[in-house]
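Undergrad: This is protein.csv, which holds CSV, N, CA and C atoms:
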chain,number,residue,atom,x,y,z
A,1396,MET,N,2.5,16.5,195.8
A,1396,MET,CA,1.7,17.6,196.4
A,1396,MET,C,0.9,18.3,195.4
A,1397,PRO,N,-0.4,18.4,195.6
A,1397,PRO,CA,-1.3,19.1,194.7
A,1397,PRO,C,-1.0,20.6,194.7
A,1398,SER,N,-1.2,21.2,193.5
A,1398,SER,CA,-0.9,22.6,193.4
A,1398,SER,C,-2.3,23.3,193.3
A,1399,PHE,N,-2.7,23.9,194.4
A,1399,PHE,CA,-4.0,24.6,194.4
A,1399,PHE,C,-4.0,25.8,193.5
A,1400,ARG,N,-2.8,26.5,193.3
A,1400,ARG,CA,-2.7,27.6,192.4
A,1400,ARG,C,-3.0,27.1,191.0
A,1401,ASN,N,-2.4,26.0,190.6
A,1401,ASN,CA,-2.6,25.4,189.3
A,1401,ASN,C,-4.0,25.1,189.0
A,1402,ASP,N,-4.7,24.5,190.0
A,1402,ASP,CA,-6.1,24.2,189.9
A,1402,ASP,C,-7.0,25.4,189.7
A,1403,ARG,N,-6.7,26.5,190.4
A,1403,ARG,CA,-7.4,27.8,190.3
A,1403,ARG,C,-7.2,28.3,188.9
A,1404,ILE,N,-5.9,28.3,188.4
A,1404,ILE,CA,-5.6,28.8,187.1
A,1404,ILE,C,-6.4,28.0,186.0
A,1405,GLN,N,-6.4,26.7,186.2
A,1405,GLN,CA,-7.1,25.8,185.2
A,1405,GLN,C,-8.6,26.2,185.1
A,1406,GLU,N,-9.2,26.3,186.3
A,1406,GLU,CA,-10.7,26.7,186.3
A,1406,GLU,C,-10.9,28.1,185.7
A,1407,GLU,N,-10.1,29.0,186.1
A,1407,GLU,CA,-10.3,30.4,185.6
A,1407,GLU,C,-10.0,30.4,184.1
A,1408,MET,N,-9.1,29.6,183.6
A,1408,MET,CA,-8.8,29.6,182.2
A,1408,MET,C,-9.9,28.9,181.4
A,1409,LYS,N,-10.5,27.9,182.0
A,1409,LYS,CA,-11.7,27.2,181.4
A,1409,LYS,C,-12.8,28.2,181.2
A,1410,ARG,N,-13.1,29.0,182.2
A,1410,ARG,CA,-14.2,30.0,182.1
A,1410,ARG,C,-13.8,31.1,181.1
A,1411,GLU,N,-12.6,31.6,181.1
A,1411,GLU,CA,-12.2,32.7,180.2
A,1411,GLU,C,-12.1,32.2,178.8
A,1412,VAL,N,-11.6,31.0,178.5
A,1412,VAL,CA,-11.6,30.5,177.1
A,1412,VAL,C,-13.0,30.4,176.6
A,1413,ASP,N,-13.9,29.8,177.4
A,1413,ASP,CA,-15.3,29.7,177.0
A,1413,ASP,C,-15.9,31.0,176.7
A,1414,ARG,N,-15.6,32.0,177.5
A,1414,ARG,CA,-16.2,33.4,177.3
A,1414,ARG,C,-15.6,34.0,176.0
A,1415,VAL,N,-14.3,33.8,175.7
A,1415,VAL,CA,-13.7,34.4,174.5
A,1415,VAL,C,-14.3,33.7,173.3
A,1416,ILE,N,-14.5,32.4,173.3
A,1416,ILE,CA,-15.0,31.7,172.2
A,1416,ILE,C,-16.4,32.1,171.9
A,1417,ARG,N,-17.2,32.2,172.9
A,1417,ARG,CA,-18.7,32.5,172.7
A,1417,ARG,C,-18.9,34.0,172.4
A,1418,ASP,N,-18.1,34.9,173.0
A,1418,ASP,CA,-18.4,36.3,172.8
A,1418,ASP,C,-17.5,37.0,171.8
A,1419,GLU,N,-16.3,36.6,171.7
A,1419,GLU,CA,-15.3,37.3,170.8
A,1419,GLU,C,-15.1,36.8,169.4
A,1420,LEU,N,-15.2,35.5,169.3
A,1420,LEU,CA,-15.0,34.8,168.0
A,1420,LEU,C,-16.2,34.9,167.1
A,1421,SER,N,-16.0,35.1,165.8
A,1421,SER,CA,-17.2,35.2,164.9
A,1421,SER,C,-17.0,34.1,163.8
A,1422,ASP,N,-16.3,33.1,164.0
A,1422,ASP,CA,-16.1,32.0,163.1
A,1422,ASP,C,-17.4,31.2,162.9
A,1423,PRO,N,-18.0,31.1,161.7
A,1423,PRO,CA,-19.3,30.4,161.5
A,1423,PRO,C,-19.2,29.0,161.8
A,1424,ARG,N,-18.0,28.4,161.8
A,1424,ARG,CA,-17.9,26.9,162.2
A,1424,ARG,C,-18.2,26.7,163.7
A,1425,LEU,N,-18.1,27.8,164.5
A,1425,LEU,CA,-18.3,27.6,165.9
A,1425,LEU,C,-19.8,27.9,166.3
A,1426,LYS,N,-20.5,28.5,165.3
A,1426,LYS,CA,-21.9,28.9,165.6
A,1426,LYS,C,-22.9,27.8,165.3
A,1427,LYS,N,-22.4,26.8,164.6
A,1427,LYS,CA,-23.3,25.7,164.2
A,1427,LYS,C,-23.6,24.7,165.3
A,1428,GLY,N,-22.5,24.1,165.8
A,1428,GLY,CA,-22.6,23.0,166.7
A,1428,GLY,C,-22.8,23.3,168.2
A,1429,THR,N,-23.0,22.3,168.9
A,1429,THR,CA,-23.1,22.3,170.4
A,1429,THR,C,-21.8,21.8,170.9
A,1430,TYR,N,-21.1,22.6,171.7
A,1430,TYR,CA,-19.8,22.2,172.2
A,1430,TYR,C,-19.6,22.7,173.6
A,1431,SER,N,-18.6,22.1,174.3
A,1431,SER,CA,-18.4,22.5,175.7
A,1431,SER,C,-16.9,22.3,176.0
A,1432,ILE,N,-16.3,23.3,176.7
A,1432,ILE,CA,-15.0,23.1,177.2
A,1432,ILE,C,-15.1,22.3,178.5
A,1433,THR,N,-14.6,21.0,178.4
A,1433,THR,CA,-14.8,20.1,179.5
A,1433,THR,C,-13.7,20.2,180.6
A,1434,HIS,N,-12.5,20.4,180.1
A,1434,HIS,CA,-11.4,20.4,181.1
A,1434,HIS,C,-10.2,21.1,180.5
A,1435,VAL,N,-9.4,21.8,181.4
A,1435,VAL,CA,-8.2,22.4,181.0
A,1435,VAL,C,-7.0,21.9,181.8
A,1436,ASP,N,-6.0,21.4,181.2
A,1436,ASP,CA,-4.8,20.9,181.9
A,1436,ASP,C,-3.7,21.9,181.6
A,1437,VAL,N,-3.1,22.5,182.6
A,1437,VAL,CA,-2.0,23.5,182.5
A,1437,VAL,C,-0.8,22.9,183.1
A,1438,THR,N,0.3,23.0,182.4
A,1438,THR,CA,1.6,22.5,183.0
A,1438,THR,C,2.0,23.4,184.1
A,1439,ARG,N,2.8,22.9,185.0
A,1439,ARG,CA,3.2,23.7,186.2
A,1439,ARG,C,3.9,25.0,185.9
A,1440,ASP,N,4.7,25.0,184.8
A,1440,ASP,CA,5.4,26.2,184.4
A,1440,ASP,C,4.6,27.1,183.6
A,1441,LEU,N,3.3,26.8,183.3
A,1441,LEU,CA,2.4,27.6,182.6
A,1441,LEU,C,2.8,27.8,181.1
A,1442,SER,N,3.6,26.9,180.6
A,1442,SER,CA,4.0,27.0,179.2
A,1442,SER,C,3.0,26.4,178.2
A,1443,TYR,N,2.2,25.4,178.6
A,1443,TYR,CA,1.2,24.8,177.7
A,1443,TYR,C,-0.1,24.6,178.5
A,1444,ALA,N,-1.2,24.7,177.7
A,1444,ALA,CA,-2.5,24.4,178.3
A,1444,ALA,C,-3.2,23.5,177.2
A,1445,LYS,N,-3.6,22.3,177.7
A,1445,LYS,CA,-4.4,21.4,176.9
A,1445,LYS,C,-5.9,21.7,177.2
A,1446,ILE,N,-6.6,22.1,176.2
A,1446,ILE,CA,-8.0,22.4,176.4
A,1446,ILE,C,-8.8,21.3,175.7
A,1447,HIS,N,-9.6,20.6,176.6
A,1447,HIS,CA,-10.4,19.5,176.1
A,1447,HIS,C,-11.8,20.0,175.7
A,1448,VAL,N,-12.2,19.7,174.5
A,1448,VAL,CA,-13.4,20.2,173.9
A,1448,VAL,C,-14.3,19.0,173.5
A,1449,SER,N,-15.5,19.1,174.0
A,1449,SER,CA,-16.5,18.0,173.6
A,1449,SER,C,-17.5,18.6,172.6
A,1450,VAL,N,-17.7,18.0,171.5
A,1450,VAL,CA,-18.6,18.4,170.5
A,1450,VAL,C,-19.7,17.4,170.4
A,1451,LEU,N,-21.0,17.8,170.5
A,1451,LEU,CA,-22.1,16.8,170.6
A,1451,LEU,C,-22.3,16.2,169.2
A,1452,GLU,N,-22.3,17.0,168.1
A,1452,GLU,CA,-22.5,16.5,166.8
A,1452,GLU,C,-21.3,15.9,166.2
A,1453,ASP,N,-21.3,14.6,165.8
A,1453,ASP,CA,-20.1,14.0,165.3
A,1453,ASP,C,-19.6,14.6,164.0
A,1454,GLU,N,-20.6,15.0,163.1
A,1454,GLU,CA,-20.2,15.5,161.8
A,1454,GLU,C,-19.5,16.9,161.9
A,1455,LEU,N,-19.7,17.6,163.0
A,1455,LEU,CA,-19.1,18.9,163.2
A,1455,LEU,C,-17.8,19.0,164.0
A,1456,LYS,N,-17.4,17.8,164.5
A,1456,LYS,CA,-16.2,17.8,165.4
A,1456,LYS,C,-15.0,18.4,164.7
A,1457,ASP,N,-14.7,17.9,163.5
A,1457,ASP,CA,-13.5,18.4,162.8
A,1457,ASP,C,-13.5,19.9,162.5
A,1458,ASP,N,-14.7,20.4,162.1
A,1458,ASP,CA,-14.8,21.8,161.8
A,1458,ASP,C,-14.6,22.7,163.1
A,1459,VAL,N,-15.2,22.2,164.2
A,1459,VAL,CA,-15.1,23.0,165.4
A,1459,VAL,C,-13.6,23.0,165.9
A,1460,LEU,N,-13.0,21.8,165.9
A,1460,LEU,CA,-11.6,21.7,166.3
A,1460,LEU,C,-10.6,22.5,165.4
A,1461,LYS,N,-10.9,22.5,164.1
A,1461,LYS,CA,-10.0,23.3,163.2
A,1461,LYS,C,-10.2,24.8,163.4
A,1462,ALA,N,-11.4,25.2,163.7
A,1462,ALA,CA,-11.7,26.6,164.0
A,1462,ALA,C,-11.0,27.0,165.2
A,1463,LEU,N,-11.1,26.2,166.3
A,1463,LEU,CA,-10.4,26.6,167.5
A,1463,LEU,C,-8.9,26.6,167.4
A,1464,LYS,N,-8.3,25.6,166.7
A,1464,LYS,CA,-6.9,25.6,166.5
A,1464,LYS,C,-6.4,26.8,165.7
A,1465,SER,N,-7.2,27.2,164.7
A,1465,SER,CA,-6.8,28.4,163.9
A,1465,SER,C,-7.0,29.7,164.7
A,1466,ALA,N,-7.8,29.7,165.7
A,1466,ALA,CA,-8.0,30.9,166.5
A,1466,ALA,C,-7.2,30.9,167.8
A,1467,ALA,N,-6.4,29.9,168.0
A,1467,ALA,CA,-5.6,29.7,169.2
A,1467,ALA,C,-4.8,31.0,169.6
A,1468,GLY,N,-4.2,31.6,168.6
A,1468,GLY,CA,-3.4,32.8,168.9
A,1468,GLY,C,-4.3,34.0,169.4
A,1469,PHE,N,-5.4,34.1,168.7
A,1469,PHE,CA,-6.3,35.2,169.2
A,1469,PHE,C,-6.8,34.9,170.6
A,1470,ILE,N,-7.2,33.7,170.9
A,1470,ILE,CA,-7.7,33.3,172.2
A,1470,ILE,C,-6.6,33.5,173.2
A,1471,ARG,N,-5.4,33.2,172.9
A,1471,ARG,CA,-4.3,33.4,173.8
A,1471,ARG,C,-4.1,34.8,174.1
A,1472,ARG,N,-4.2,35.7,173.1
A,1472,ARG,CA,-4.0,37.1,173.3
A,1472,ARG,C,-5.1,37.7,174.2
A,1473,GLU,N,-6.3,37.2,174.0
A,1473,GLU,CA,-7.4,37.6,174.9
A,1473,GLU,C,-7.3,37.1,176.3
A,1474,LEU,N,-6.7,36.0,176.5
A,1474,LEU,CA,-6.4,35.5,177.8
A,1474,LEU,C,-5.4,36.3,178.5
A,1475,MET,N,-4.4,36.8,177.7
A,1475,MET,CA,-3.4,37.7,178.3
A,1475,MET,C,-4.1,39.0,178.9
A,1476,ARG,N,-5.0,39.5,178.2
A,1476,ARG,CA,-5.8,40.7,178.6
A,1476,ARG,C,-6.7,40.4,179.8
A,1477,GLY,N,-7.3,39.2,179.8
A,1477,GLY,CA,-8.4,38.9,180.7
A,1477,GLY,C,-7.9,38.3,182.1
A,1478,MET,N,-6.7,37.7,182.0
A,1478,MET,CA,-6.2,37.0,183.2
A,1478,MET,C,-4.9,37.7,183.6
A,1479,ASN,N,-4.7,37.7,184.9
A,1479,ASN,CA,-3.5,38.4,185.5
A,1479,ASN,C,-2.4,37.4,185.7
A,1480,LEU,N,-1.8,36.9,184.6
A,1480,LEU,CA,-0.7,35.9,184.7
A,1480,LEU,C,0.6,36.5,184.1
A,1481,ARG,N,1.7,36.1,184.7
A,1481,ARG,CA,3.0,36.5,184.1
A,1481,ARG,C,3.2,35.9,182.7
A,1482,TYR,N,2.9,34.6,182.6
A,1482,TYR,CA,3.0,33.9,181.3
A,1482,TYR,C,1.7,33.4,180.9
A,1483,THR,N,1.3,33.5,179.7
A,1483,THR,CA,0.1,32.9,179.2
A,1483,THR,C,0.5,31.7,178.4
A,1484,PRO,N,0.0,30.6,178.7
A,1484,PRO,CA,0.4,29.3,178.0
A,1484,PRO,C,0.0,29.2,176.6
A,1485,GLU,N,0.7,28.4,175.8
A,1485,GLU,CA,0.4,28.1,174.5
A,1485,GLU,C,-0.8,27.1,174.5
A,1486,LEU,N,-1.8,27.4,173.7
A,1486,LEU,CA,-3.0,26.6,173.8
A,1486,LEU,C,-3.0,25.5,172.8
A,1487,GLN,N,-3.5,24.3,173.2
A,1487,GLN,CA,-3.6,23.1,172.4
A,1487,GLN,C,-5.1,22.6,172.6
A,1488,PHE,N,-5.8,22.6,171.5
A,1488,PHE,CA,-7.2,22.1,171.6
A,1488,PHE,C,-7.3,20.6,171.3
A,1489,LEU,N,-7.9,19.8,172.2
A,1489,LEU,CA,-8.0,18.4,172.0
A,1489,LEU,C,-9.5,18.0,172.0
A,1490,GLU,N,-9.8,16.9,171.3
A,1490,GLU,CA,-11.1,16.4,171.3
A,1490,GLU,C,-11.4,15.6,172.6
A,1491,ASP,N,-12.5,15.8,173.2
A,1491,ASP,CA,-12.9,15.0,174.4
A,1491,ASP,C,-14.2,14.3,174.1
A,1492,ASN,N,-14.2,13.0,174.3
A,1492,ASN,CA,-15.4,12.2,173.9
A,1492,ASN,C,-16.2,11.8,175.2
A,1493,ASN,N,-15.9,12.3,176.3
A,1493,ASN,CA,-16.6,11.9,177.5
A,1493,ASN,C,-18.1,12.1,177.5
A,1494,ILE,N,-18.6,13.2,177.0
A,1494,ILE,CA,-20.0,13.4,177.0
A,1494,ILE,C,-20.7,12.4,176.1
A,1495,ALA,N,-20.2,12.3,174.9
A,1495,ALA,CA,-20.7,11.3,173.9
A,1495,ALA,C,-20.7,9.9,174.5
A,1496,TYR,N,-19.6,9.5,175.2
A,1496,TYR,CA,-19.5,8.2,175.8
A,1496,TYR,C,-20.6,8.1,176.9
A,1497,GLY,N,-20.8,9.1,177.7
A,1497,GLY,CA,-21.8,9.0,178.7
A,1497,GLY,C,-23.2,8.9,178.2
A,1498,ILE,N,-23.5,9.6,177.1
A,1498,ILE,CA,-24.8,9.4,176.4
A,1498,ILE,C,-25.0,8.0,175.9
A,1499,HIS,N,-23.9,7.4,175.3
A,1499,HIS,CA,-24.0,6.0,174.8
A,1499,HIS,C,-24.2,5.1,176.0
A,1500,ILE,N,-23.5,5.2,177.1
A,1500,ILE,CA,-23.7,4.3,178.2
A,1500,ILE,C,-25.2,4.5,178.8
A,1501,ASN,N,-25.7,5.7,178.8
A,1501,ASN,CA,-27.0,5.9,179.3
A,1501,ASN,C,-28.0,5.2,178.4
A,1502,GLU,N,-27.8,5.2,177.1
A,1502,GLU,CA,-28.7,4.5,176.2
A,1502,GLU,C,-28.7,3.0,176.4
A,1503,LEU,N,-27.5,2.5,176.6
A,1503,LEU,CA,-27.3,1.1,176.9
A,1503,LEU,C,-28.0,0.7,178.2
A,1504,LEU,N,-27.9,1.5,179.2
A,1504,LEU,CA,-28.6,1.2,180.4
A,1504,LEU,C,-30.1,1.2,180.3
A,1505,LYS,N,-30.6,2.2,179.5
A,1505,LYS,CA,-32.1,2.2,179.2
A,1505,LYS,C,-32.5,0.9,178.5
A,1506,GLN,N,-31.7,0.5,177.5
A,1506,GLN,CA,-32.1,-0.8,176.8
A,1506,GLN,C,-32.1,-2.0,177.8
A,1507,VAL,N,-31.1,-2.0,178.7
A,1507,VAL,CA,-31.1,-3.1,179.6
A,1507,VAL,C,-32.2,-3.0,180.6
A,1508,GLY,N,-32.6,-1.8,181.0
A,1508,GLY,CA,-33.7,-1.7,181.9
A,1508,GLY,C,-35.0,-2.0,181.2
A,1509,ALA,N,-35.2,-1.7,180.0
A,1509,ALA,CA,-36.4,-2.0,179.3
A,1509,ALA,C,-36.5,-3.6,179.1
A,1510,GLY,N,-35.4,-4.2,178.8
A,1510,GLY,CA,-35.3,-5.7,178.7
A,1510,GLY,C,-35.7,-6.4,179.9
A,1511,GLU,N,-35.3,-5.9,181.1
A,1511,GLU,CA,-35.6,-6.5,182.4
A,1511,GLU,C,-37.1,-6.3,182.7
A,1512,GLY,N,-37.6,-5.1,182.3
A,1512,GLY,CA,-39.0,-4.9,182.6
A,1512,GLY,C,-39.9,-5.8,181.8
A,1513,GLN,N,-39.5,-6.1,180.5
A,1513,GLN,CA,-40.3,-7.1,179.7
A,1513,GLN,C,-40.2,-8.5,180.3
A,1514,GLU,N,-39.0,-8.9,180.7
A,1514,GLU,CA,-38.8,-10.2,181.3
A,1514,GLU,C,-39.7,-10.4,182.6
A,1515,ARG,N,-39.7,-9.4,183.4
A,1515,ARG,CA,-40.5,-9.5,184.6
A,1515,ARG,C,-42.0,-9.5,184.3
A,1516,GLY,N,-42.4,-8.8,183.3
A,1516,GLY,CA,-43.8,-8.8,183.0
A,1516,GLY,C,-44.3,-10.2,182.4
A,1517,GLN,N,-43.4,-10.9,181.7
A,1517,GLN,CA,-43.7,-12.2,181.2
A,1517,GLN,C,-43.7,-13.2,182.3
A,1518,GLY,N,-42.8,-13.1,183.3
A,1518,GLY,CA,-42.7,-14.1,184.4
A,1518,GLY,C,-43.8,-14.0,185.3
A,1519,GLU,N,-44.5,-12.9,185.4
A,1519,GLU,CA,-45.6,-12.7,186.4
A,1519,GLU,C,-46.9,-13.3,185.9
A,1520,GLU,N,-47.0,-13.5,184.5
A,1520,GLU,CA,-48.3,-14.0,184.0
A,1520,GLU,C,-48.4,-15.5,184.2
Please re-express this file's structure in structure tokens.
TA:
Amino acid sequence: MPSFRNDRIQEEMKREVDRVIRDELSDPRLKKGTYSITHVDVTRDLSYAKIHVSVLEDELKDDVLKALKSAAGFIRRELMRGMNLRYTPELQFLEDNNIAYGIHINELLKQVGAGEGQERGQGEE
């Protein structure tokens, strides 16, 4: 049975974590790169939250994830203040490669499309 309450908590936590990172944290490692909170998984008992982060620049992934992991306690405290929950979960930041994978697939499809266009142009002549 799906838990609609858990889904609402996950979406609210995603928005709130993103707000805290962008507005409250002043770590220079987070100001360099382009990143996105893609998904939040919260356990049913609200003891843990896995926060999936996608970083566009490969060379900045480690720095961004280290910065987020070191600020996890601060972010959790801000979540306590911003969200009306009895328990605030322990935060775990994980790397998410879905956006980079999507960009890679898009580039491959463009190459295949360009190859087909060239073959059709040669066949018509």
Undergrad: Once DSSP has gone over the backbone, tell me which residues of chain A are in strand (DSSP E), as a list in words.
TA: Tyr1430, Ser1431, Ile1432, Thr1433, His1434, Val1435, Asp1436, Val1437, Tyr1443, Ala1444, Lys1445, Ile1446, His1447, Val1448, Ser1449, Val1450, Glu1485, Leu1486, Gln1487, Phe1488, Leu1489 and Glu1490 of chain A
Undergrad: Apply DSSP to the structure's backbone, then extract all residues of chain A labelled alpha helix (DSSP H) and return them as JSON, numbers by chain.
TA: {"A": [1399, 1400, 1401, 1402, 1403, 1404, 1405, 1406, 1407, 1408, 1409, 1410, 1411, 1412, 1413, 1414, 1415, 1416, 1417, 1418, 1423, 1424, 1425, 1426, 1427, 1456, 1457, 1458, 1459, 1460, 1461, 1462, 1463, 1464, 1465, 1467, 1468, 1469, 1470, 1471, 1472, 1473, 1474, 1475, 1476, 1477, 1493, 1494, 1495, 1496, 1497, 1498, 1499, 1500, 1501, 1502, 1503, 1504, 1505, 1506, 1507, 1508, 1509, 1510, 1511, 1512, 1513, 1514, 1515, 1516, 1517, 1518, 1519]}
Undergrad: Write out as a list in words which residues come within 7 Å of stretch 1436-1439 of chain A when counting all atoms listed in the file, dropping same-chain ones fewer than 5 positions away.
TA: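 Counting all atoms listed in the file, the residues come to Asn1401, Gln1405, Ala1444, Lys1445, Ile1446 and His1447 of chain A.
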Undergrad: Quick one: pull the distance between atom CA of A:Lys1426 and atom N of A:Val1459, Å, one decimal.
TA: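 Here the two named atoms are 9.6 Å from each other.
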Undergrad: Distance atom C of A:Arg1476-atom N of A:Glu1406, one decimal place?
TA: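 Going from atom C of A:Arg1476 over to atom N of A:Glu1406 covers 15.7 Å.
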Undergrad: If you measure from atom C of A:Arg1410 to atom C of A:Tyr1430, what distance in Å do you get, rounded to one decimal?
TA: 12.7 Å
Undergrad: Would you pick out the contacts of A:Leu1474 at 8 Å or less, using all atoms listed in the file, so that residues sharing its chain but fewer than 3 positions from it are not included, and give the list as a list in words?
TA: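 Answer for this query is Met1408, Glu1411, Val1412, Val1415, Gly1468, Phe1469, Ile1470, Arg1471, Gly1477, Met1478, Asn1479, Leu1480, Thr1483 and Pro1484 of chain A.
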Undergrad: Let me see the file: selected residues, N, CA and C atoms, as a PDB file, in the coordinates of the input.
TA:
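Okay, this is what ended up in again-v7.pdb:
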ATOM      1  N   MET A1408      -9.100  29.600 183.600  1.00  0.00           N
ATOM      2  CA  MET A1408      -8.800  29.600 182.200  1.00  0.00           C
ATOM      3  C   MET A1408      -9.900  28.900 181.400  1.00  0.00           C
ATOM      4  N   GLU A1411     -12.600  31.600 181.100  1.00  0.00           N
ATOM      5  CA  GLU A1411     -12.200  32.700 180.200  1.00  0.00           C
ATOM      6  C   GLU A1411     -12.100  32.200 178.800  1.00  0.00           C
ATOM      7  N   VAL A1412     -11.600  31.000 178.500  1.00  0.00           N
ATOM      8  CA  VAL A1412     -11.600  30.500 177.100  1.00  0.00           C
ATOM      9  C   VAL A1412     -13.000  30.400 176.600  1.00  0.00           C
ATOM     10  N   VAL A1415     -14.300  33.800 175.700  1.00  0.00           N
ATOM     11  CA  VAL A1415     -13.700  34.400 174.500  1.00  0.00           C
ATOM     12  C   VAL A1415     -14.300  33.700 173.300  1.00  0.00           C
ATOM     13  N   GLY A1468      -4.200  31.600 168.600  1.00  0.00           N
ATOM     14  CA  GLY A1468      -3.400  32.800 168.900  1.00  0.00           C
ATOM     15  C   GLY A1468      -4.300  34.000 169.400  1.00  0.00           C
ATOM     16  N   PHE A1469      -5.400  34.100 168.700  1.00  0.00           N
ATOM     17  CA  PHE A1469      -6.300  35.200 169.200  1.00  0.00           C
ATOM     18  C   PHE A1469      -6.800  34.900 170.600  1.00  0.00           C
ATOM     19  N   ILE A1470      -7.200  33.700 170.900  1.00  0.00           N
ATOM     20  CA  ILE A1470      -7.700  33.300 172.200  1.00  0.00           C
ATOM     21  C   ILE A1470      -6.600  33.500 173.200  1.00  0.00           C
ATOM     22  N   ARG A1471      -5.400  33.200 172.900  1.00  0.00           N
ATOM     23  CA  ARG A1471      -4.300  33.400 173.800  1.00  0.00           C
ATOM     24  C   ARG A1471      -4.100  34.800 174.100  1.00  0.00           C
ATOM     25  N   GLY A1477      -7.300  39.200 179.800  1.00  0.00           N
ATOM     26  CA  GLY A1477      -8.400  38.900 180.700  1.00  0.00           C
ATOM     27  C   GLY A1477      -7.900  38.300 182.100  1.00  0.00           C
ATOM     28  N   MET A1478      -6.700  37.700 182.000  1.00  0.00           N
ATOM     29  CA  MET A1478      -6.200  37.000 183.200  1.00  0.00           C
ATOM     30  C   MET A1478      -4.900  37.700 183.600  1.00  0.00           C
ATOM     31  N   ASN A1479      -4.700  37.700 184.900  1.00  0.00           N
ATOM     32  CA  ASN A1479      -3.500  38.400 185.500  1.00  0.00           C
ATOM     33  C   ASN A1479      -2.400  37.400 185.700  1.00  0.00           C
ATOM     34  N   LEU A1480      -1.800  36.900 184.600  1.00  0.00           N
ATOM     35  CA  LEU A1480      -0.700  35.900 184.700  1.00  0.00           C
ATOM     36  C   LEU A1480       0.600  36.500 184.100  1.00  0.00           C
ATOM     37  N   THR A1483       1.300  33.500 179.700  1.00  0.00           N
ATOM     38  CA  THR A1483       0.100  32.900 179.200  1.00  0.00           C
ATOM     39  C   THR A1483       0.500  31.700 178.400  1.00  0.00           C
ATOM     40  N   PRO A1484       0.000  30.600 178.700  1.00  0.00           N
ATOM     41  CA  PRO A1484       0.400  29.300 178.000  1.00  0.00           C
ATOM     42  C   PRO A1484       0.000  29.200 176.600  1.00  0.00           C
TER      43      PRO A1484
END
Undergrad: Just the residues within 10 Å of A:Ala1466, please, counting only C-alpha atoms, with nothing from its chain fewer than 3 positions along; format it as a list in words.
TA: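 The filter keeps Ile1416, Leu1420, Asp1422, Leu1460, Lys1461, Ala1462, Leu1463, Phe1469, Ile1470, Arg1471 and Leu1486 of chain A.
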Undergrad: Go ahead and save the picked residues with N, CA and C atoms, as a PDB file, keeping the file's coordinate frame.
TA:
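Printed below is selection02.pdb as written:
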ATOM      1  N   ILE A1416     -14.500  32.400 173.300  1.00  0.00           N
ATOM      2  CA  ILE A1416     -15.000  31.700 172.200  1.00  0.00           C
ATOM      3  C   ILE A1416     -16.400  32.100 171.900  1.00  0.00           C
ATOM      4  N   LEU A1420     -15.200  35.500 169.300  1.00  0.00           N
ATOM      5  CA  LEU A1420     -15.000  34.800 168.000  1.00  0.00           C
ATOM      6  C   LEU A1420     -16.200  34.900 167.100  1.00  0.00           C
ATOM      7  N   ASP A1422     -16.300  33.100 164.000  1.00  0.00           N
ATOM      8  CA  ASP A1422     -16.100  32.000 163.100  1.00  0.00           C
ATOM      9  C   ASP A1422     -17.400  31.200 162.900  1.00  0.00           C
ATOM     10  N   LEU A1460     -13.000  21.800 165.900  1.00  0.00           N
ATOM     11  CA  LEU A1460     -11.600  21.700 166.300  1.00  0.00           C
ATOM     12  C   LEU A1460     -10.600  22.500 165.400  1.00  0.00           C
ATOM     13  N   LYS A1461     -10.900  22.500 164.100  1.00  0.00           N
ATOM     14  CA  LYS A1461     -10.000  23.300 163.200  1.00  0.00           C
ATOM     15  C   LYS A1461     -10.200  24.800 163.400  1.00  0.00           C
ATOM     16  N   ALA A1462     -11.400  25.200 163.700  1.00  0.00           N
ATOM     17  CA  ALA A1462     -11.700  26.600 164.000  1.00  0.00           C
ATOM     18  C   ALA A1462     -11.000  27.000 165.200  1.00  0.00           C
ATOM     19  N   LEU A1463     -11.100  26.200 166.300  1.00  0.00           N
ATOM     20  CA  LEU A1463     -10.400  26.600 167.500  1.00  0.00           C
ATOM     21  C   LEU A1463      -8.900  26.600 167.400  1.00  0.00           C
ATOM     22  N   PHE A1469      -5.400  34.100 168.700  1.00  0.00           N
ATOM     23  CA  PHE A1469      -6.300  35.200 169.200  1.00  0.00           C
ATOM     24  C   PHE A1469      -6.800  34.900 170.600  1.00  0.00           C
ATOM     25  N   ILE A1470      -7.200  33.700 170.900  1.00  0.00           N
ATOM     26  CA  ILE A1470      -7.700  33.300 172.200  1.00  0.00           C
ATOM     27  C   ILE A1470      -6.600  33.500 173.200  1.00  0.00           C
ATOM     28  N   ARG A1471      -5.400  33.200 172.900  1.00  0.00           N
ATOM     29  CA  ARG A1471      -4.300  33.400 173.800  1.00  0.00           C
ATOM     30  C   ARG A1471      -4.100  34.800 174.100  1.00  0.00           C
ATOM     31  N   LEU A1486      -1.800  27.400 173.700  1.00  0.00           N
ATOM     32  CA  LEU A1486      -3.000  26.600 173.800  1.00  0.00           C
ATOM     33  C   LEU A1486      -3.000  25.500 172.800  1.00  0.00           C
TER      34      LEU A1486
END
